[in-house]
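The data block below is entry-v9.tsv; it holds TSV, C-alpha atoms and all ligand atoms.
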```tsv
chain	number	residue	atom	x	y	z
A	405	MET	CA	26.10	-11.82	2.98
A	406	ALA	CA	22.83	-13.28	4.27
A	407	LEU	CA	19.64	-12.10	2.58
A	408	LEU	CA	17.48	-13.24	5.45
A	409	GLU	CA	18.37	-13.37	9.09
A	410	LEU	CA	16.26	-14.39	12.04
A	411	ILE	CA	17.54	-13.48	15.48
A	412	ASP	CA	15.90	-15.23	18.43
A	413	VAL	CA	12.47	-14.94	16.81
A	414	THR	CA	9.59	-15.85	19.09
A	415	LYS	CA	5.88	-15.79	18.30
A	416	HIS	CA	3.33	-16.57	20.97
A	417	TYR	CA	-0.41	-16.73	20.36
A	418	LYS	CA	-2.80	-15.95	23.17
A	419	VAL	CA	-5.58	-18.52	23.15
A	420	SER	CA	-8.64	-18.89	25.30
A	421	GLY	CA	-9.98	-22.25	26.40
A	422	GLY	CA	-12.13	-23.89	29.00
A	423	LEU	CA	-15.91	-24.21	28.96
A	424	LEU	CA	-16.63	-20.51	28.82
A	425	GLY	CA	-13.43	-19.55	27.09
A	426	LEU	CA	-12.36	-17.85	30.29
A	427	THR	CA	-9.05	-19.58	30.74
A	428	THR	CA	-6.32	-18.08	28.67
A	429	GLY	CA	-3.05	-19.58	27.73
A	430	THR	CA	-0.13	-19.07	25.43
A	431	VAL	CA	0.87	-21.17	22.45
A	432	ARG	CA	4.59	-20.88	21.78
A	433	ALA	CA	4.23	-21.36	18.04
A	434	VAL	CA	7.79	-20.18	17.34
A	435	ASP	CA	10.25	-20.24	20.18
A	436	GLY	CA	13.66	-18.58	19.88
A	437	VAL	CA	14.53	-19.28	16.26
A	438	THR	CA	17.88	-18.03	14.99
A	439	LEU	CA	18.96	-18.75	11.43
A	440	SER	CA	20.17	-17.13	8.26
A	441	VAL	CA	19.74	-17.78	4.55
A	442	GLU	CA	22.37	-16.75	2.03
A	443	ARG	CA	21.42	-15.12	-1.24
A	444	GLY	CA	20.67	-17.70	-3.93
A	445	HIS	CA	20.35	-20.55	-1.43
A	446	THR	CA	17.43	-22.72	-0.40
A	447	LEU	CA	16.66	-23.38	3.23
A	448	GLY	CA	14.28	-26.25	3.88
A	449	LEU	CA	11.95	-26.09	6.86
A	450	VAL	CA	10.66	-29.48	7.95
A	451	GLY	CA	8.73	-30.80	10.89
A	452	GLU	CA	5.41	-32.35	11.81
A	453	SER	CA	2.10	-30.50	11.58
A	454	GLY	CA	1.76	-27.85	14.28
A	455	CYS	CA	5.51	-27.42	14.88
A	456	GLY	CA	5.40	-23.77	13.78
A	457	LYS	CA	6.44	-23.78	10.10
A	458	SER	CA	3.56	-21.62	8.85
A	459	THR	CA	3.88	-19.22	11.74
A	460	LEU	CA	7.59	-18.85	11.03
A	461	ALA	CA	6.75	-18.23	7.35
A	462	LYS	CA	4.29	-15.49	8.40
A	463	CYS	CA	6.98	-13.88	10.57
A	464	ILE	CA	9.43	-13.95	7.64
A	465	MET	CA	6.84	-12.41	5.33
A	466	GLY	CA	6.09	-9.71	7.89
A	467	LEU	CA	2.46	-10.87	7.93
A	468	THR	CA	2.34	-11.17	11.68
A	469	PRO	CA	4.27	-9.18	14.29
A	470	VAL	CA	6.83	-11.20	16.23
A	471	THR	CA	6.47	-11.38	20.02
A	472	SER	CA	10.21	-10.84	20.38
A	473	GLY	CA	13.37	-11.10	18.34
A	474	GLU	CA	14.06	-9.72	14.92
A	475	VAL	CA	13.59	-10.64	11.26
A	476	ILE	CA	16.15	-8.93	9.03
A	477	PHE	CA	15.69	-8.94	5.27
A	478	GLY	CA	18.26	-7.30	3.02
A	479	ASN	CA	20.08	-5.76	5.99
A	480	ARG	CA	16.95	-4.08	7.26
A	481	SER	CA	14.49	-5.10	9.94
A	482	ILE	CA	11.28	-6.35	8.37
A	483	SER	CA	9.31	-3.84	10.43
A	484	ALA	CA	11.31	-0.97	8.91
A	485	TRP	CA	10.37	-1.91	5.33
A	486	ASP	CA	7.73	-0.07	3.40
A	487	GLU	CA	4.85	-2.56	3.32
A	488	LYS	CA	4.19	-2.35	-0.41
A	489	LYS	CA	7.88	-2.61	-1.29
A	490	LEU	CA	8.29	-5.62	0.99
A	491	ARG	CA	5.29	-7.35	-0.63
A	492	SER	CA	7.07	-7.20	-3.97
A	493	LYS	CA	10.47	-8.35	-2.64
A	494	ILE	CA	9.17	-11.37	-0.73
A	495	GLN	CA	6.64	-13.57	-2.47
A	496	MET	CA	4.92	-16.75	-1.45
A	497	ILE	CA	3.84	-19.91	-3.26
A	498	PHE	CA	1.20	-22.07	-1.60
A	499	GLN	CA	0.36	-25.75	-1.56
A	500	ASP	CA	-2.87	-25.47	-3.48
A	501	PRO	CA	-2.56	-22.92	-6.28
A	502	TYR	CA	-6.22	-23.32	-7.13
A	503	SER	CA	-7.34	-21.76	-3.86
A	504	SER	CA	-5.17	-18.71	-4.49
A	505	LEU	CA	-6.15	-18.19	-8.15
A	506	ASN	CA	-9.38	-16.28	-8.73
A	507	PRO	CA	-11.56	-18.62	-10.84
A	508	ARG	CA	-13.19	-15.68	-12.63
A	509	GLN	CA	-9.91	-14.09	-13.64
A	510	LYS	CA	-8.04	-15.00	-16.82
A	511	ILE	CA	-4.53	-16.37	-16.37
A	512	GLY	CA	-2.97	-13.31	-18.02
A	513	SER	CA	-4.77	-10.96	-15.70
A	514	ILE	CA	-3.80	-13.05	-12.64
A	515	ILE	CA	-0.14	-12.84	-13.59
A	516	ARG	CA	-0.38	-9.13	-14.39
A	517	GLU	CA	-2.14	-8.13	-11.19
A	518	GLY	CA	1.00	-7.23	-9.22
A	519	LEU	CA	2.25	-5.06	-12.09
A	520	ASP	CA	-1.13	-3.32	-12.20
A	521	ILE	CA	-1.19	-2.74	-8.45
A	522	HIS	CA	2.34	-1.34	-8.45
A	523	GLY	CA	1.67	0.65	-11.62
A	524	ILE	CA	4.67	-0.83	-13.40
A	525	GLY	CA	5.12	-0.18	-17.13
A	526	THR	CA	2.68	0.78	-19.85
A	527	ARG	CA	-0.22	-1.45	-20.89
A	528	GLU	CA	1.87	-2.78	-23.74
A	529	GLU	CA	4.91	-3.43	-21.53
A	530	ARG	CA	2.76	-5.28	-19.04
A	531	ARG	CA	1.33	-7.43	-21.81
A	532	GLU	CA	4.84	-8.26	-23.00
A	533	LYS	CA	5.98	-9.04	-19.47
A	534	VAL	CA	3.09	-11.49	-19.03
A	535	ALA	CA	3.99	-13.26	-22.29
A	536	GLU	CA	7.60	-13.44	-21.12
A	537	LEU	CA	6.59	-14.86	-17.73
A	538	LEU	CA	4.30	-17.47	-19.33
A	539	LYS	CA	7.21	-18.61	-21.46
A	540	LEU	CA	9.57	-18.61	-18.49
A	541	VAL	CA	7.37	-21.11	-16.60
A	542	GLY	CA	6.81	-23.30	-19.65
A	543	LEU	CA	3.36	-22.05	-20.70
A	544	ARG	CA	2.32	-20.51	-24.03
A	545	PRO	CA	1.17	-16.94	-24.75
A	546	GLU	CA	-2.37	-18.09	-25.62
A	547	HIS	CA	-2.66	-19.64	-22.16
A	548	GLY	CA	-3.08	-16.08	-20.88
A	549	ASP	CA	-6.67	-16.04	-22.19
A	550	ARG	CA	-7.70	-19.19	-20.34
A	551	TYR	CA	-9.17	-19.61	-16.86
A	552	PRO	CA	-7.65	-21.57	-13.93
A	553	HIS	CA	-10.18	-24.44	-14.15
A	554	GLU	CA	-8.99	-25.21	-17.68
A	555	PHE	CA	-5.55	-26.06	-16.30
A	556	SER	CA	-4.08	-29.10	-14.58
A	557	GLY	CA	-2.64	-28.86	-11.07
A	558	GLY	CA	0.89	-28.63	-12.40
A	559	GLN	CA	-0.03	-25.88	-14.87
A	560	ARG	CA	-1.82	-23.95	-12.14
A	561	GLN	CA	1.29	-24.11	-9.99
A	562	ARG	CA	3.25	-22.76	-12.99
A	563	VAL	CA	0.78	-19.84	-13.13
A	564	ALA	CA	1.31	-19.22	-9.41
A	565	VAL	CA	5.08	-19.21	-10.01
A	566	ALA	CA	4.70	-16.74	-12.91
A	567	ARG	CA	2.53	-14.46	-10.79
A	568	CYS	CA	5.06	-14.55	-7.97
A	569	LEU	CA	7.93	-13.64	-10.33
A	570	ALA	CA	6.16	-10.69	-11.95
A	571	LEU	CA	7.50	-8.23	-9.41
A	572	ASP	CA	11.05	-9.55	-9.50
A	573	PRO	CA	11.20	-10.84	-5.90
A	574	ARG	CA	14.41	-11.65	-4.04
A	575	LEU	CA	12.98	-14.19	-1.63
A	576	VAL	CA	10.25	-16.73	-2.30
A	577	VAL	CA	8.66	-18.60	0.59
A	578	CYS	CA	7.37	-21.90	-0.80
A	579	ASP	CA	4.81	-23.57	1.47
A	580	GLU	CA	4.43	-27.21	0.43
A	581	PRO	CA	4.51	-26.14	-3.24
A	582	VAL	CA	4.36	-29.65	-4.70
A	583	SER	CA	2.45	-31.56	-2.03
A	584	ALA	CA	-0.91	-31.28	-3.79
A	585	LEU	CA	0.50	-32.39	-7.15
A	586	ASP	CA	0.61	-35.83	-8.72
A	587	VAL	CA	3.94	-37.52	-8.16
A	588	SER	CA	4.70	-37.40	-11.89
A	589	VAL	CA	4.28	-33.61	-11.96
A	590	ARG	CA	6.24	-32.90	-8.77
A	591	ALA	CA	9.64	-33.38	-10.34
A	592	GLN	CA	8.71	-30.99	-13.16
A	593	VAL	CA	7.64	-28.19	-10.84
A	594	LEU	CA	10.67	-28.74	-8.60
A	595	GLY	CA	12.87	-28.67	-11.71
A	596	LEU	CA	11.28	-25.38	-12.74
A	597	LEU	CA	11.85	-23.82	-9.31
A	598	LYS	CA	15.47	-24.94	-9.38
A	599	GLU	CA	16.00	-23.61	-12.90
A	600	LEU	CA	14.43	-20.25	-12.07
A	601	GLN	CA	16.60	-19.98	-9.00
A	602	GLU	CA	19.74	-20.30	-11.09
A	603	ARG	CA	18.50	-17.94	-13.77
A	604	MET	CA	17.18	-15.23	-11.48
A	605	GLY	CA	19.35	-15.67	-8.42
A	606	LEU	CA	16.33	-16.36	-6.22
A	607	THR	CA	16.50	-17.34	-2.58
A	608	TYR	CA	13.98	-19.85	-1.25
A	609	VAL	CA	12.62	-20.82	2.11
A	610	PHE	CA	11.08	-24.17	1.33
A	611	ILE	CA	8.52	-25.64	3.71
A	612	SER	CA	7.76	-29.32	3.27
A	613	HIS	CA	6.94	-32.45	5.20
A	614	ASP	CA	8.41	-34.56	2.41
A	615	LEU	CA	12.04	-35.31	3.11
A	616	SER	CA	12.74	-36.62	-0.38
A	617	VAL	CA	11.59	-33.29	-1.83
A	618	VAL	CA	13.61	-31.31	0.70
A	619	SER	CA	16.80	-33.29	0.22
A	620	HIS	CA	16.42	-32.78	-3.52
A	621	ILE	CA	16.05	-29.02	-3.62
A	622	CYS	CA	17.51	-27.59	-0.40
A	623	ASP	CA	21.10	-26.60	0.36
A	624	ARG	CA	20.39	-26.52	4.08
A	625	VAL	CA	17.60	-27.90	6.18
A	626	ALA	CA	16.17	-26.84	9.53
A	627	VAL	CA	14.19	-29.39	11.50
A	628	MET	CA	11.49	-27.84	13.70
A	629	TYR	CA	9.82	-29.33	16.74
A	630	LEU	CA	7.44	-27.49	19.08
A	631	GLY	CA	8.46	-24.11	17.72
A	632	ARG	CA	12.18	-24.69	18.01
A	633	ILE	CA	14.90	-25.58	15.55
A	634	MET	CA	16.19	-28.95	16.72
A	635	GLU	CA	18.79	-29.37	14.04
A	636	ILE	CA	20.10	-27.33	11.15
A	637	GLY	CA	22.70	-28.26	8.59
A	638	GLU	CA	23.69	-29.02	5.03
A	639	SER	CA	21.09	-31.32	3.51
A	640	ARG	CA	23.90	-33.48	2.12
A	641	THR	CA	25.13	-34.14	5.64
A	642	LEU	CA	21.70	-34.43	7.27
A	643	PHE	CA	20.41	-36.93	4.74
A	644	ALA	CA	23.63	-38.88	4.27
A	645	ASP	CA	23.47	-42.56	5.09
A	646	PRO	CA	25.12	-43.24	8.46
B	701	LIG	P1	2.71	-25.85	11.10
B	701	LIG	O1	2.71	-24.88	9.97
B	701	LIG	O2	4.05	-26.47	11.33
B	701	LIG	O3	1.63	-26.86	10.99
B	701	LIG	P2	1.65	-23.66	12.67
B	701	LIG	O4	2.61	-22.54	12.57
B	701	LIG	O5	0.44	-23.61	11.85
B	701	LIG	O6	2.45	-25.02	12.43
B	701	LIG	O7	1.20	-23.80	14.18
B	701	LIG	C1	2.10	-23.78	15.28
B	701	LIG	C2	1.31	-23.76	16.60
B	701	LIG	O8	0.65	-22.50	16.72
B	701	LIG	C3	0.21	-24.81	16.67
B	701	LIG	O9	0.12	-25.23	18.02
B	701	LIG	C4	-1.05	-24.06	16.26
B	701	LIG	O10	-2.20	-24.62	16.83
B	701	LIG	C5	-0.78	-22.67	16.80
B	701	LIG	N1	-1.41	-21.59	16.01
B	701	LIG	C6	-1.22	-21.34	14.68
B	701	LIG	N2	-1.89	-20.26	14.29
B	701	LIG	C7	-2.55	-19.81	15.38
B	701	LIG	C8	-3.41	-18.71	15.63
B	701	LIG	N3	-3.74	-17.85	14.67
B	701	LIG	N4	-3.88	-18.53	16.86
B	701	LIG	C9	-3.53	-19.40	17.85
B	701	LIG	N5	-2.71	-20.44	17.70
B	701	LIG	C10	-2.22	-20.66	16.49
B	702	LIG	P1	-4.16	-13.57	12.65
B	702	LIG	O1	-4.16	-12.63	13.83
B	702	LIG	O2	-2.80	-13.95	12.17
B	702	LIG	O3	-5.14	-13.21	11.56
B	702	LIG	P2	-6.14	-15.31	13.75
B	702	LIG	O4	-6.14	-15.44	15.23
B	702	LIG	O5	-7.17	-14.45	13.12
B	702	LIG	O6	-4.68	-14.93	13.26
B	702	LIG	O7	-6.27	-16.77	13.14
B	702	LIG	C1	-5.89	-17.05	11.83
B	702	LIG	C2	-6.36	-18.43	11.50
B	702	LIG	O8	-5.78	-19.39	12.41
B	702	LIG	C3	-7.87	-18.54	11.65
B	702	LIG	O9	-8.40	-19.27	10.58
B	702	LIG	C4	-8.05	-19.27	12.96
B	702	LIG	O10	-9.21	-20.08	12.93
B	702	LIG	C5	-6.81	-20.15	12.99
B	702	LIG	N1	-6.48	-20.48	14.38
B	702	LIG	C6	-6.84	-19.80	15.46
B	702	LIG	N2	-6.43	-20.42	16.57
B	702	LIG	C7	-5.76	-21.52	16.16
B	702	LIG	C8	-5.07	-22.57	16.84
B	702	LIG	N3	-4.98	-22.68	18.15
B	702	LIG	N4	-4.50	-23.52	16.08
B	702	LIG	C9	-4.56	-23.44	14.75
B	702	LIG	N5	-5.18	-22.49	14.08
B	702	LIG	C10	-5.78	-21.53	14.77
```

In structure tokens, how does this file's structure come out?
Amino acid sequence: MALLELIDVTKHYKVSGGLLGLTTGTVRAVDGVTLSVERGHTLGLVGESGCGKSTLAKCIMGLTPVTSGEVIFGNRSISAWDEKKLRSKIQMIFQDPYSSLNPRQKIGSIIREGLDIHGIGTREERREKVAELLKLVGLRPEHGDRYPHEFSGGQRQRVAVARCLALDPRLVVCDEPVSALDVSVRAQVLGLLKELQERMGLTYVFISHDLSVVSHICDRVAVMYLGRIMEIGESRTLFADP
């Protein structure tokens, strides 16, 4: 049973141009995309800059209304989900964790924020959960009292992963999660994502321009061009030597 299903999803942006901004046009950022992702699988989304990957991610997250078509998550149209509930079930990890971590907030408080917002558990239970999450991503309990700038890029991405797991999501949309990291750290973060997937039964949509990363972590890969899926298949087959 597919966890995520996209049926003929199209997203057009209206843009104005010309000298006075009087001419209007339409950008077909996503154009008739149909695909599905099975529970516990990873779908890679590759393609050059501007092909529509981020827009498709926004449609999947329910962050932007689709122009036409339907996004179905857990057997229910994304538009039928309670917003707050959906925000806990689908999480996102970004390229640059630093830009999404509040520099004035301690690591522990960053990770705990979702639990606070959703009013989950007692103070003590939340504290325990944070310690558990820190351990899960390979950090130590005392790291909770530090600030983002005291951490390396790889550690910051671990914090972002811990924060995203706090609410027990089903689907994680990873947008270039290792692209900003040193090559030596990439494999570690990818290894962590893979390990967590097996342990927690997570499903990933994995956006990347780096084919070596995609072939490493994805079961299936969709190649996008000008808003359309040009090719989709098992990564083993797509990346096999001819
Ligand atoms: P990618 O993530 O693959 O780089 P995007 O989804 O960001 O691609 O962009 C797809 C197309 O949609 C591009 O032509 C881009 O300029 C356009 N686009 C993206 N966001 C907007 C927006 N908010 N308003 C208008 N056009 C946009
Ligand atoms: P939304 O309605 O999703 O908030 P906006 O139109 O406000 O989208 O734009 C979101 C971001 O995308 C803004 O930072 C904007 O500058 C940028 N953007 C707008 N038009 C384009 C475009 N043609 N290509 C790429 N990015 C764009």

**Selection: 6 Å around stretch 575-582 of chain A, only C-alpha atoms, excl. self and same-chain fewer than 6 positions, as a list of chain:residue names** =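 Skipping anything fewer than 6 positions along the chain leaves A:Ile494, A:Gln495, A:Met496, A:Ile497, A:Phe498, A:Gln499, A:Arg590, A:Thr607, A:Tyr608, A:Val609, A:Phe610, A:Ile611, A:Ser612.
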
**Prompt:** Restricting the calculation to all atoms listed in the file, which member of A:Cys568, A:Cys455, A:Leu408, A:Met634 is positioned closest to ligand LIG 702 (chain B)?
**Reply:** A:Cys455

Can you write out as CSV which residues of chain A fall within 9 Å of ligand LIG 701 (chain B), alongside each residue's closest atom pair and its distance in Å to one decimal, counting all atoms listed in the file and ordering rows by chain and ascending residue number?
```
residue,atom,partner,partner_atom,distance
A:Lys415,CA,B:LIG701,O8,8.7
A:His416,CA,B:LIG701,O8,7.8
A:Tyr417,CA,B:LIG701,C9,4.8
A:Lys418,CA,B:LIG701,C9,6.4
A:Val419,CA,B:LIG701,C9,5.8
A:Thr430,CA,B:LIG701,N5,8.3
A:Val431,CA,B:LIG701,O8,5.9
A:Arg432,CA,B:LIG701,O8,6.6
A:Ala433,CA,B:LIG701,O8,4.0
A:Val434,CA,B:LIG701,C1,7.0
A:Val450,CA,B:LIG701,O2,8.0
A:Gly451,CA,B:LIG701,O2,6.4
A:Glu452,CA,B:LIG701,O2,6.1
A:Ser453,CA,B:LIG701,O3,3.7
A:Gly454,CA,B:LIG701,O3,3.4
A:Cys455,CA,B:LIG701,O2,4.0
A:Gly456,CA,B:LIG701,O4,3.3
A:Lys457,CA,B:LIG701,O2,3.8
A:Ser458,CA,B:LIG701,O1,3.6
A:Thr459,CA,B:LIG701,O4,3.7
A:Leu460,CA,B:LIG701,O4,6.4
A:Ala461,CA,B:LIG701,O4,7.9
A:Lys462,CA,B:LIG701,O4,8.4
A:Asp579,CA,B:LIG701,O1,8.9
A:Ile611,CA,B:LIG701,O1,8.6
A:Met628,CA,B:LIG701,O2,7.9
A:Tyr629,CA,B:LIG701,O2,8.4
A:Leu630,CA,B:LIG701,C1,7.5
A:Gly631,CA,B:LIG701,C1,6.8
```

**Request:** One decimal, Å: what's the distance from atom CA of A:Leu571 over to atom CA of A:Val625, could you say?
**Result:** 27.1 Å

**Asked** With all atoms listed in the file as the atoms that count, which of A:Ile636, A:Ile515, A:Leu538, A:Leu505 lies nearest to A:Pro552?
**Response** A:Leu505

Using the file's own x, y and z axes, what box holds all listed atoms of ligand LIG 702 (chain B) with 5 Å on each side, keeping edges along x, y and z, and what are its centre and edge lengths in Å to one decimal, as lines of an AutoDock Vina configuration file?
```
center_x = -6.0
center_y = -18.1
center_z = 14.4
size_x = 16.4
size_y = 20.9
size_z = 17.6
```

**Residue with smallest distance to A:Arg544 - pool A:Ser483, A:Leu600, A:Gly512, A:Arg530, counting only C-alpha atoms** =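 Nearest to A:Arg544: A:Gly512.
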
**Sel. within 12 Å of pt (11.5, -37.5, 5.2), counting all atoms listed in the file, output as a list in words** = Gly448, Leu449, Val450, Gly451, Glu452, Ser612, His613, Asp614, Leu615, Ser616, Val617, Val618, Ser619, His620, Val625, Val627, Ser639, Leu642 and Phe643 of chain A

**Message:** Given only C-alpha atoms as the basis, pick out the residue of A:Met405, A:Met604, A:Val437, A:Val413 nearest to A:Arg632.
**Reply:** A:Val437

**Asked** For ligand LIG 702 (chain B), which of A:Ala570, A:Leu407, A:Met465, A:Ile521 is the closest residue, counting all atoms listed in the file?
**Response** A:Met465

**Prompt:** What is the atom CA of A:Leu423-atom N5 of ligand LIG 702 (chain B) distance in Å, reported with one decimal?
**Reply:** 18.4 Å

Residues around (-9.3, -19.5, -16.0), cut-off 12 Å, counting all atoms listed in the file - what are they as a PDB file with C-alpha atoms, keeping the file's coordinate frame?
```
ATOM      1  CA  TYR A 502      -6.220 -23.320  -7.130  1.00  0.00           C
ATOM      2  CA  LEU A 505      -6.150 -18.190  -8.150  1.00  0.00           C
ATOM      3  CA  ASN A 506      -9.380 -16.280  -8.730  1.00  0.00           C
ATOM      4  CA  PRO A 507     -11.560 -18.620 -10.840  1.00  0.00           C
ATOM      5  CA  ARG A 508     -13.190 -15.680 -12.630  1.00  0.00           C
ATOM      6  CA  GLN A 509      -9.910 -14.090 -13.640  1.00  0.00           C
ATOM      7  CA  LYS A 510      -8.040 -15.000 -16.820  1.00  0.00           C
ATOM      8  CA  ILE A 511      -4.530 -16.370 -16.370  1.00  0.00           C
ATOM      9  CA  GLY A 512      -2.970 -13.310 -18.020  1.00  0.00           C
ATOM     10  CA  SER A 513      -4.770 -10.960 -15.700  1.00  0.00           C
ATOM     11  CA  ILE A 514      -3.800 -13.050 -12.640  1.00  0.00           C
ATOM     12  CA  ILE A 515      -0.140 -12.840 -13.590  1.00  0.00           C
ATOM     13  CA  GLU A 546      -2.370 -18.090 -25.620  1.00  0.00           C
ATOM     14  CA  HIS A 547      -2.660 -19.640 -22.160  1.00  0.00           C
ATOM     15  CA  GLY A 548      -3.080 -16.080 -20.880  1.00  0.00           C
ATOM     16  CA  ASP A 549      -6.670 -16.040 -22.190  1.00  0.00           C
ATOM     17  CA  ARG A 550      -7.700 -19.190 -20.340  1.00  0.00           C
ATOM     18  CA  TYR A 551      -9.170 -19.610 -16.860  1.00  0.00           C
ATOM     19  CA  PRO A 552      -7.650 -21.570 -13.930  1.00  0.00           C
ATOM     20  CA  HIS A 553     -10.180 -24.440 -14.150  1.00  0.00           C
ATOM     21  CA  GLU A 554      -8.990 -25.210 -17.680  1.00  0.00           C
ATOM     22  CA  PHE A 555      -5.550 -26.060 -16.300  1.00  0.00           C
ATOM     23  CA  SER A 556      -4.080 -29.100 -14.580  1.00  0.00           C
ATOM     24  CA  GLN A 559      -0.030 -25.880 -14.870  1.00  0.00           C
ATOM     25  CA  ARG A 560      -1.820 -23.950 -12.140  1.00  0.00           C
ATOM     26  CA  VAL A 563       0.780 -19.840 -13.130  1.00  0.00           C
TER      27      VAL A 563
END
```

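Of note, atom CA of A:Leu606 and atom O7 of ligand LIG 702 (chain B) are spaced 29.8 Å apart.
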
**Item:** Nearest-residue call for A:Cys622, choices A:Arg562, A:Lys598, A:Arg480, A:Arg491, using all atoms listed in the file
**Value:** A:Lys598
